[in-house]
$ cat entry_25.cif   # mmCIF, C-alpha atoms and all ligand atoms
data_final
#
loop_
_atom_site.group_PDB
_atom_site.id
_atom_site.type_symbol
_atom_site.label_atom_id
_atom_site.label_comp_id
_atom_site.auth_asym_id
_atom_site.auth_seq_id
_atom_site.Cartn_x
_atom_site.Cartn_y
_atom_site.Cartn_z
ATOM 1 C CA MET A 1 9.519 14.023 -3.093
ATOM 2 C CA ARG A 2 10.124 15.380 -6.573
ATOM 3 C CA PRO A 3 8.852 18.886 -7.397
ATOM 4 C CA GLN A 4 5.100 19.041 -7.909
ATOM 5 C CA GLY A 5 3.993 18.789 -11.516
ATOM 6 C CA MET A 6 7.215 17.091 -12.579
ATOM 7 C CA PRO A 7 6.493 13.401 -13.047
ATOM 8 C CA LYS A 8 9.412 11.207 -14.029
ATOM 9 C CA ARG A 9 9.576 10.278 -17.677
ATOM 10 C CA ARG A 10 10.694 6.821 -18.594
ATOM 11 C CA MET A 11 11.514 5.370 -21.979
ATOM 12 C CA LEU A 12 9.102 2.707 -23.114
ATOM 13 C CA PRO A 13 10.689 -0.627 -23.926
ATOM 14 C CA ALA A 14 10.910 -0.834 -27.720
ATOM 15 C CA HIS A 15 8.816 -3.984 -27.854
ATOM 16 C CA TYR A 16 6.171 -3.021 -25.320
ATOM 17 C CA LYS A 17 3.351 -3.249 -27.875
ATOM 18 C CA GLU A 18 4.223 -6.877 -28.587
ATOM 19 C CA LEU A 19 3.977 -7.644 -24.879
ATOM 20 C CA SER A 20 0.304 -6.776 -24.765
ATOM 21 C CA VAL A 21 -0.899 -8.277 -28.026
ATOM 22 C CA SER A 22 1.291 -11.146 -29.207
ATOM 23 C CA LYS A 23 1.489 -13.353 -26.150
ATOM 24 C CA PRO A 24 -1.268 -13.047 -23.557
ATOM 25 C CA ARG A 25 0.122 -13.970 -20.171
ATOM 26 C CA VAL A 26 -1.042 -13.935 -16.555
ATOM 27 C CA ASP A 27 -0.821 -10.217 -15.842
ATOM 28 C CA LEU A 28 -0.548 -9.347 -12.153
ATOM 29 C CA PHE A 29 -1.010 -5.630 -12.796
ATOM 30 C CA GLY A 30 -3.533 -5.189 -15.625
ATOM 31 C CA ALA A 31 -6.931 -5.380 -13.919
ATOM 32 C CA VAL A 32 -5.934 -3.886 -10.571
ATOM 33 C CA HIS A 33 -4.135 -0.978 -12.218
ATOM 34 C CA LYS A 34 -7.173 -0.277 -14.410
ATOM 35 C CA GLY A 35 -9.305 -0.159 -11.281
ATOM 36 C CA LEU A 36 -6.844 2.107 -9.485
ATOM 37 C CA ARG A 37 -6.603 4.495 -12.448
ATOM 38 C CA ARG A 38 -10.403 4.736 -12.647
ATOM 39 C CA GLU A 39 -10.424 5.449 -8.912
ATOM 40 C CA ILE A 40 -7.734 8.153 -8.953
ATOM 41 C CA TYR A 41 -9.214 9.911 -12.010
ATOM 42 C CA ALA A 42 -12.616 10.036 -10.277
ATOM 43 C CA THR A 43 -11.119 11.305 -7.014
ATOM 44 C CA ALA A 44 -9.074 13.973 -8.794
ATOM 45 C CA THR A 45 -12.340 15.232 -10.309
ATOM 46 C CA VAL A 46 -14.116 15.180 -6.926
ATOM 47 C CA LEU A 47 -11.275 17.154 -5.300
ATOM 48 C CA GLU A 48 -11.181 19.749 -8.093
ATOM 49 C CA GLY A 49 -14.922 20.360 -7.750
ATOM 50 C CA ALA A 50 -15.144 20.190 -3.945
ATOM 51 C CA ASN A 51 -16.207 23.216 -1.895
ATOM 52 C CA PHE A 52 -13.740 22.989 0.992
ATOM 53 C CA ALA A 53 -15.388 25.972 2.717
ATOM 54 C CA ASP A 54 -18.529 23.908 3.214
ATOM 55 C CA ASP A 55 -18.796 21.036 5.729
ATOM 56 C CA ALA A 56 -20.626 18.736 3.318
ATOM 57 C CA GLY A 57 -18.120 19.512 0.544
ATOM 58 C CA LYS A 58 -15.215 18.805 2.886
ATOM 59 C CA ALA A 59 -16.791 15.557 4.034
ATOM 60 C CA ALA A 60 -17.341 14.329 0.456
ATOM 61 C CA ALA A 61 -13.747 15.193 -0.473
ATOM 62 C CA ALA A 62 -12.450 13.453 2.665
ATOM 63 C CA VAL A 63 -14.344 10.235 1.926
ATOM 64 C CA ALA A 64 -13.107 10.124 -1.680
ATOM 65 C CA LEU A 65 -9.507 10.919 -0.760
ATOM 66 C CA LYS A 66 -9.249 8.531 2.204
ATOM 67 C CA THR A 67 -10.849 5.695 0.237
ATOM 68 C CA THR A 68 -8.496 6.166 -2.708
ATOM 69 C CA LEU A 69 -5.345 6.530 -0.603
ATOM 70 C CA ALA A 70 -6.238 3.386 1.356
ATOM 71 C CA PHE A 71 -6.423 1.418 -1.899
ATOM 72 C CA LEU A 72 -3.171 2.912 -3.205
ATOM 73 C CA ASP A 73 -1.234 2.337 0.036
ATOM 74 C CA GLU A 74 -2.538 -1.214 0.349
ATOM 75 C CA HIS A 75 -1.606 -1.935 -3.258
ATOM 76 C CA ILE A 76 1.991 -0.892 -2.530
ATOM 77 C CA LEU A 77 2.002 -3.333 0.384
ATOM 78 C CA HIS A 78 0.765 -6.178 -1.835
ATOM 79 C CA GLU A 79 3.393 -5.451 -4.470
ATOM 80 C CA GLY A 80 6.144 -5.090 -1.876
ATOM 81 C CA ASN A 81 5.269 -8.305 -0.039
ATOM 82 C CA HIS A 82 4.415 -10.582 -2.951
ATOM 83 C CA ILE A 83 5.752 -9.270 -6.263
ATOM 84 C CA ALA A 84 8.951 -7.383 -5.383
ATOM 85 C CA PRO A 85 10.760 -10.473 -3.982
ATOM 86 C CA LYS A 86 10.029 -12.356 -7.225
ATOM 87 C CA VAL A 87 11.303 -9.452 -9.325
ATOM 88 C CA LYS A 88 14.354 -9.023 -7.117
ATOM 89 C CA ALA A 89 15.283 -12.666 -7.685
ATOM 90 C CA VAL A 90 15.432 -12.276 -11.482
ATOM 91 C CA ALA A 91 15.867 -8.548 -12.236
ATOM 92 C CA PRO A 92 17.316 -6.794 -9.171
ATOM 93 C CA ASP A 93 18.229 -3.716 -11.228
ATOM 94 C CA LEU A 94 14.502 -2.886 -11.567
ATOM 95 C CA ILE A 95 13.889 -2.788 -7.821
ATOM 96 C CA PRO A 96 15.446 0.549 -6.729
ATOM 97 C CA SER A 97 13.303 2.797 -8.947
ATOM 98 C CA VAL A 98 10.118 0.930 -8.043
ATOM 99 C CA LYS A 99 10.975 1.119 -4.329
ATOM 100 C CA GLU A 100 11.791 4.817 -4.645
ATOM 101 C CA ASP A 101 8.405 5.421 -6.303
ATOM 102 C CA HIS A 102 6.573 3.406 -3.641
ATOM 103 C CA ASP A 103 8.327 5.287 -0.812
ATOM 104 C CA GLU A 104 7.443 8.619 -2.438
ATOM 105 C CA HIS A 105 3.830 7.537 -2.914
ATOM 106 C CA LEU A 106 3.510 6.585 0.769
ATOM 107 C CA GLU A 107 5.092 9.895 1.792
ATOM 108 C CA THR A 108 2.712 11.906 -0.423
ATOM 109 C CA SER A 109 -0.201 9.919 0.969
ATOM 110 C CA LYS A 110 0.789 11.019 4.493
ATOM 111 C CA GLU A 111 1.094 14.641 3.328
ATOM 112 C CA LEU A 112 -2.396 14.516 1.833
ATOM 113 C CA LEU A 113 -3.899 13.043 5.008
ATOM 114 C CA ALA A 114 -2.174 15.756 7.085
ATOM 115 C CA LEU A 115 -3.652 18.460 4.827
ATOM 116 C CA LEU A 116 -7.051 16.797 5.118
ATOM 117 C CA ALA A 117 -6.773 16.769 8.928
ATOM 118 C CA ALA A 118 -5.839 20.461 8.857
ATOM 119 C CA VAL A 119 -8.715 21.534 6.624
ATOM 120 C CA VAL A 120 -11.278 20.025 9.029
ATOM 121 C CA GLY A 121 -10.632 22.840 11.524
ATOM 122 C CA GLU A 122 -10.402 25.582 8.905
ATOM 123 C CA SER A 123 -13.081 27.722 7.313
ATOM 124 C CA GLY A 124 -13.572 30.333 4.588
ATOM 125 C CA PRO A 125 -10.601 31.354 2.438
ATOM 126 C CA VAL A 126 -8.115 29.401 4.594
ATOM 127 C CA ALA A 127 -10.054 26.172 3.988
ATOM 128 C CA LEU A 128 -10.329 26.980 0.296
ATOM 129 C CA GLY A 129 -6.550 27.509 0.143
ATOM 130 C CA THR A 130 -5.880 24.149 1.774
ATOM 131 C CA GLY A 131 -8.382 22.588 -0.641
ATOM 132 C CA VAL A 132 -6.365 23.911 -3.570
ATOM 133 C CA LYS A 133 -3.190 22.427 -2.045
ATOM 134 C CA ILE A 134 -4.904 19.053 -1.597
ATOM 135 C CA SER A 135 -6.184 19.028 -5.158
ATOM 136 C CA GLN A 136 -2.849 20.110 -6.645
ATOM 137 C CA LEU A 137 -0.877 17.557 -4.645
ATOM 138 C CA PHE A 138 -3.332 14.811 -5.558
ATOM 139 C CA ASN A 139 -2.911 15.696 -9.244
ATOM 140 C CA THR A 140 0.803 14.894 -8.857
ATOM 141 C CA VAL A 141 -0.288 11.528 -7.437
ATOM 142 C CA VAL A 142 -2.300 10.925 -10.625
ATOM 143 C CA ALA A 143 0.682 11.799 -12.819
ATOM 144 C CA ASP A 144 3.178 9.774 -10.770
ATOM 145 C CA GLN A 145 0.891 6.766 -10.440
ATOM 146 C CA VAL A 146 0.075 6.610 -14.147
ATOM 147 C CA ALA A 147 3.787 6.698 -15.059
ATOM 148 C CA HIS A 148 4.674 4.221 -12.300
ATOM 149 C CA MET A 149 1.967 1.726 -13.234
ATOM 150 C CA HIS A 150 3.029 1.903 -16.858
ATOM 151 C CA PHE A 151 6.582 1.012 -15.831
ATOM 152 C CA GLU A 152 5.286 -2.008 -13.927
ATOM 153 C CA GLU A 153 2.991 -3.082 -16.764
ATOM 154 C CA THR A 154 5.887 -2.982 -19.259
ATOM 155 C CA LYS A 155 9.351 -3.390 -17.706
ATOM 156 C CA ILE A 156 8.348 -5.375 -14.618
ATOM 157 C CA ASN A 157 5.988 -7.591 -16.579
ATOM 158 C CA GLU A 158 8.728 -8.152 -19.157
ATOM 159 C CA ALA A 159 10.966 -9.542 -16.394
ATOM 160 C CA LEU A 160 8.164 -11.597 -14.837
ATOM 161 C CA PHE A 161 7.040 -13.074 -18.164
ATOM 162 C CA ALA A 162 10.614 -14.004 -19.101
ATOM 163 C CA ASN A 163 11.312 -15.788 -15.820
ATOM 164 C CA TYR A 164 8.064 -17.213 -14.461
ATOM 165 C CA THR A 165 5.419 -19.501 -15.880
ATOM 166 C CA ASP A 166 1.736 -18.573 -15.853
ATOM 167 C CA GLU A 167 1.263 -21.136 -13.086
ATOM 168 C CA GLU A 168 3.913 -19.425 -10.958
ATOM 169 C CA LEU A 169 2.391 -15.991 -11.644
ATOM 170 C CA THR A 170 -1.031 -17.346 -10.691
ATOM 171 C CA GLU A 171 0.460 -18.560 -7.385
ATOM 172 C CA ILE A 172 1.585 -14.980 -6.671
ATOM 173 C CA ARG A 173 -1.922 -13.684 -7.472
ATOM 174 C CA VAL A 174 -3.526 -16.274 -5.189
ATOM 175 C CA ALA A 175 -1.104 -15.362 -2.375
ATOM 176 C CA ILE A 176 -2.147 -11.697 -2.697
ATOM 177 C CA GLN A 177 -5.852 -12.584 -2.751
ATOM 178 C CA THR A 178 -5.413 -14.816 0.299
ATOM 179 C CA ALA A 179 -3.622 -12.048 2.190
ATOM 180 C CA ILE A 180 -6.405 -9.595 1.322
ATOM 181 C CA GLY A 181 -9.155 -11.731 2.881
ATOM 182 C CA PRO A 182 -12.714 -12.163 1.596
ATOM 183 C CA GLN A 183 -14.249 -8.895 2.869
ATOM 184 C CA ARG A 184 -11.592 -6.610 1.433
ATOM 185 C CA PHE A 185 -11.360 -8.757 -1.705
ATOM 186 C CA GLY A 186 -14.965 -7.696 -2.354
ATOM 187 C CA ASP A 187 -13.911 -4.034 -2.112
ATOM 188 C CA TRP A 188 -11.124 -4.661 -4.628
ATOM 189 C CA MET A 189 -13.522 -6.379 -7.023
ATOM 190 C CA THR A 190 -15.891 -3.407 -6.702
ATOM 191 C CA LEU A 191 -12.953 -1.186 -7.677
ATOM 192 C CA MET A 192 -11.737 -3.352 -10.553
ATOM 193 C CA LEU A 193 -14.777 -4.768 -12.313
ATOM 194 C CA PRO A 194 -16.290 -1.511 -13.635
ATOM 195 C CA ALA A 195 -12.879 -0.554 -15.075
ATOM 196 C CA LEU A 196 -12.613 -3.654 -17.286
ATOM 197 C CA ASN A 197 -13.792 -3.966 -20.877
ATOM 198 C CA PHE A 198 -16.143 -6.673 -22.103
ATOM 199 C CA ALA A 199 -13.426 -9.115 -23.237
ATOM 200 C CA GLU A 200 -11.535 -8.718 -19.934
ATOM 201 C CA LEU A 201 -14.703 -9.298 -17.915
ATOM 202 C CA VAL A 202 -15.545 -12.405 -19.907
ATOM 203 C CA GLY A 203 -11.957 -13.646 -19.431
ATOM 204 C CA MET A 204 -11.818 -12.960 -15.689
ATOM 205 C CA LEU A 205 -15.304 -14.138 -14.763
ATOM 206 C CA GLY A 206 -15.112 -17.112 -17.141
ATOM 207 C CA THR A 207 -11.850 -18.229 -15.512
ATOM 208 C CA MET A 208 -13.310 -17.760 -12.028
ATOM 209 C CA LYS A 209 -16.382 -19.761 -12.966
ATOM 210 C CA ALA A 210 -14.183 -22.596 -14.237
ATOM 211 C CA THR A 211 -11.551 -22.633 -11.490
ATOM 212 C CA ALA A 212 -12.671 -20.838 -8.301
ATOM 213 C CA PRO A 213 -14.851 -22.379 -5.560
ATOM 214 C CA ALA A 214 -18.546 -21.808 -6.363
ATOM 215 C CA PRO A 215 -19.145 -19.399 -3.418
ATOM 216 C CA VAL A 216 -16.271 -17.182 -4.626
ATOM 217 C CA PHE A 217 -17.667 -17.011 -8.162
ATOM 218 C CA GLU A 218 -21.171 -16.337 -6.826
ATOM 219 C CA GLY A 219 -19.875 -13.566 -4.562
ATOM 220 C CA VAL A 220 -17.987 -11.890 -7.383
ATOM 221 C CA SER A 221 -20.979 -12.275 -9.723
ATOM 222 C CA ALA A 222 -23.190 -10.532 -7.171
ATOM 223 C CA ILE A 223 -20.751 -7.610 -7.060
ATOM 224 C CA ALA A 224 -20.481 -7.550 -10.856
ATOM 225 C CA ALA A 225 -24.277 -7.445 -11.192
ATOM 226 C CA LYS A 226 -24.207 -4.196 -9.209
ATOM 227 C CA VAL A 227 -21.190 -2.427 -10.741
ATOM 228 C CA VAL A 228 -20.790 -3.722 -14.328
ATOM 229 C CA LYS A 229 -22.984 -1.873 -16.823
ATOM 230 C CA ASP A 230 -23.551 -4.688 -19.317
ATOM 231 C CA TRP A 231 -23.347 -7.546 -16.813
ATOM 232 C CA ALA A 232 -26.217 -9.376 -18.536
ATOM 233 C CA ARG A 233 -24.120 -9.678 -21.718
ATOM 234 C CA VAL A 234 -21.063 -10.853 -19.752
ATOM 235 C CA GLU A 235 -23.165 -13.382 -17.884
ATOM 236 C CA ALA A 236 -24.591 -14.682 -21.161
ATOM 237 C CA ALA A 237 -21.082 -14.979 -22.638
ATOM 238 C CA ILE A 238 -19.742 -17.132 -19.783
ATOM 239 C CA ARG A 239 -22.868 -19.284 -19.381
HETATM 240 FE FE FE B 301 3.834 -0.330 -7.829
#

$ encode --input "entry_25.cif" --output "structure tokens" --more "lines below"
Ligand SMILES: [Fe+2]
Amino acid sequence: MRPQGMPKRRMLPAHYKELSVSKPRVDLFGAVHKGLRREIYATATVLEGANFADDAGKAAAAVALKTTLAFLDEHILHEGNHIAPKVKAVAPDLIPSVKEDHDEHLETSKELLALLAAVVGESGPVALGTGVKISQLFNTVVADQVAHMHFEETKINEALFANYTDEELTEIRVAIQTAIGPQRFGDWMTLMLPALNFAELVGMLGTMKATAPAPVFEGVSAIAAKVVKDWARVEAAIR
């Protein structure tokens, strides 16, 4: 992996602002990346404040870290299985850097889980030292993930938008949702929904209400009622 604290820097495409405002398209990354960023920021904060010399502190840190890494690793799988082949078909030059990032992310995930396994049997200053290592390494995950997701939201989306229709992009999204399965799909909605702004919630839930089977919309609404702060306003807007 690259040295800690040294995230890659990529040039933004000159027209990236136009991508997000001038032509709304089916965006395979937007909502899920917002949810993942919210998740990793929260976990970074938990790890920085955790008392690794205390069993309860260790346990809380372990739950947060394992939960977040499971989402991140699974997300790489979804992108690799369903999005990468579509990108490869139209913009193969974009694939190597994304694959390199994904491989590094999976490697770092394993390193973090190994540190977590080690700290379970440690105590006192040794446990605190491992806790610092965990927190520092996870902060490189935050930096790398934010840069990586931005690359996907700009350069990868640019290639997808130029070569696939919204209907084709929706087919990719449905294939991912089908592969996830209903139970885990609920976990992903719990991750995503609180990260979205009002307009995005109205757009997503309004579309689901109009196009998804009623039980799916009802299930997602039940989750939203629990995790979205101003759900009543969203519900009123899509009524
Ligand atoms: Fe990715």

$ closest_residue --input "entry_25.cif" --among "A:Ile180, A:Met192, A:Val234, A:Ala159" --to "Val90 in chain A" --atoms "all atoms listed in the file"
A:Ala159

$ residues_near_ligand --input "entry_25.cif" --ligand "ligand FE 301 (chain B)" --cutoff "12 Å" --atoms "only C-alpha atoms and all ligand atoms" --output "PyMOL selection string"
chain A and resi 28-30+32-33+36+71-84+87+94-106+144-157

$ residues_around --input "entry_25.cif" --residues "range 218-229 of chain A" --least-positions-apart "2" --cutoff "10 Å" --atoms "all atoms listed in the file" --output "ChimeraX atom specification"
/A:182,185-187,189-198,201,205,208-209,212-216,231-235

$ closest_residue --input "entry_25.cif" --among "A:Asp93, A:Glu39, A:Asp230, A:Asp55" --to "Gly121 in chain A" --atoms "only C-alpha atoms"
A:Asp55

$ resolve_selection --input "entry_25.cif" --expression "the PyMOL selection byres (((chain A and resi 41-43) around 8) and not hetatm)" --output "PyMOL selection string"
chain A and resi 37-40+44-47+64-65+68+142

$ residues_around --input "entry_25.cif" --residues "Gly57 in chain A" --least-positions-apart "5" --cutoff "12 Å" --atoms "only C-alpha atoms" --output "PyMOL selection string"
chain A and resi 46-52+62-64+119-120+123+127-128+131

$ closest_residue --input "entry_25.cif" --among "A:Val126, A:Thr67, A:Gly35, A:Lys86" --to "Leu160 in chain A" --atoms "all atoms listed in the file"
A:Lys86

$ atom_distance --input "entry_25.cif" --atom1 "CA of Glu200 in chain A" --atom2 "CA of Arg25 in chain A"
12.8 Å

$ atom_distance --input "entry_25.cif" --atom1 "CA of Ala117 in chain A" --atom2 "CA of Thr140 in chain A"
19.4 Å

$ closest_residue --input "entry_25.cif" --among "A:Phe217, A:Lys58, A:Ala70, A:Ile238" --to "Ala118 in chain A" --atoms "all atoms listed in the file"
A:Lys58

$ atom_distance --input "entry_25.cif" --atom1 "CA of Ala175 in chain A" --atom2 "CA of Thr211 in chain A"
15.7 Å
